[in-house]
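K.L.:
Here you go, one structure.
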Amino acid sequence: MSHHRTVGQSSARQNENNTLKEKMATPSKENGAFEVAPLRTLDDFLLESARFQVPNFRDMEKWGKRVYSNLIYYQSNYFLLALALFALVGLIHPFKMFLGLFAIGLACGLFAAASNGGPQVAKFKQEHPVISIITLLFGAYLIIYLLDGILVFLLGILLPFSATFIHSSLRLRSLRNKVTNKMEQIGLKKSTPMGMFLDALGFEAGIVD
């Protein structure tokens, strides 16, 4: 009786070990938890140990791999860089930045209201054409008046994106960079915000060699 119990326990342990080995042999991103990527050193990101080279614009696949890998590897650095550049533009033109933010927020709110109340808006135009024309002219005047602020706000948004794209295009991938991206790709490493964002946009992690 005790012999059969011992055999049963050892068989159960063997099955558990086999299941664990299978899970380790076939890792998956779905099982991986979420983590924030570490901040890379300034020396690695920009200074002495960093190596830069203009990409081969004819080889779009290789250029894409470099950009994808750097976006994943330096994502925390890019986030801080974007905040710094946006804050810098805001410090140089604080009032225009506020006006631009207000104008874009107001435009988005009006667009959402018009989209949700389509029949009511059309009915209001038919019943009150004069008020509709005055409202349209006032909106056009407001956009022209706030144009400087809108351009400054757009600069604060586009400048970080441009700096990130230029750096990720020029920065050569290091061995640690390639290993880190490969580990996240096959599921040995937890998913990061940038990896999830790029996956949502449809950029395949499989493009990384």
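Numbering starts fresh at 1 for the residues of each chain in the structure tokens, the chains themselves are lettered A, B, ... in the order given, and ligands are numbered from 1 as they appear.
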Residues of stretch 69-124 of chain A that approach stretch 40-55 of chain A to 10 Å or less, counting only C-alpha atoms: could you list each one with the shortest pair of atoms and its distance in Å to one decimal, rows by chain and increasing residue number, as CSV?

P.N.:
residue,atom,partner,partner_atom,distance
A:Asn70,CA,A:Phe45,CA,9.9
A:Tyr73,CA,A:Arg40,CA,8.2
A:Tyr74,CA,A:Arg40,CA,6.5
A:Gln75,CA,A:Arg40,CA,9.0
A:Ser76,CA,A:Arg40,CA,7.6
A:Asn77,CA,A:Arg40,CA,6.6
A:Tyr78,CA,A:Phe45,CA,9.7

K.L.:
Would you output that residue set with C-alpha atoms, as a CSV table (one decimal), in the first residue's frame?

P.N.:
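Here's the written file result.csv:
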chain,number,residue,atom,x,y,z
A,70,ASN,CA,16.2,51.6,-29.9
A,73,TYR,CA,15.8,49.7,-25.3
A,74,TYR,CA,15.9,53.5,-24.6
A,75,GLN,CA,12.2,54.0,-24.0
A,76,SER,CA,12.7,55.5,-20.5
A,77,ASN,CA,15.3,57.9,-21.8
A,78,TYR,CA,13.0,58.9,-24.6

K.L.:
Please compute the atom CA of A:His93-atom CA of A:Val152 distance, one decimal, in Å.

P.N.:
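Between atom CA of A:His93 and atom CA of A:Val152 the gap is 7.5 Å.
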
K.L.:
Skip A:Ala107 itself and residues of its chain fewer than 3 positions away, then list as a list in words all residues within 12 Å of it, counting only C-alpha atoms.

P.N.:
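Everything that qualifies: Gly100, Leu101, Phe102, Ala103, Ile104, Leu110, Phe111, Ala112, Ala113, Ala114, Gly139, Ala140, Leu142, Ile143, Leu146 and Ile150 of chain A.
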
K.L.:
Report as a PyMOL selection string all protein, DNA and RNA residues lying within 12 Å of A:Leu71, evaluated on only C-alpha atoms, omitting residues in the same chain fewer than 5 positions from it.

P.N.:
chain A and resi 37+45+64-66+76-79+161+163-171+173+177-178+180-181+192-198+203+205+208

K.L.:
So that I can check the secondary structure, give me every residue of stretch 133-204 of chain A assigned helix (DSSP H, G or I) by backbone DSSP, as a PyMOL selection string.

P.N.:
chain A and resi 133-145+147-170+175-186+193-200

K.L.:
What gap, in Å, lies between atom CA of A:Pro38 and atom CA of A:Leu175?

P.N.:
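Taking atom CA of A:Pro38 and atom CA of A:Leu175, their separation equals 16.5 Å.
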
K.L.:
From the list A:Met97, A:Leu136, A:Leu201, A:Leu172, which residue is nearest A:Ile157 when using only C-alpha atoms?

P.N.:
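Result for the nearest residue to A:Ile157: A:Met97.
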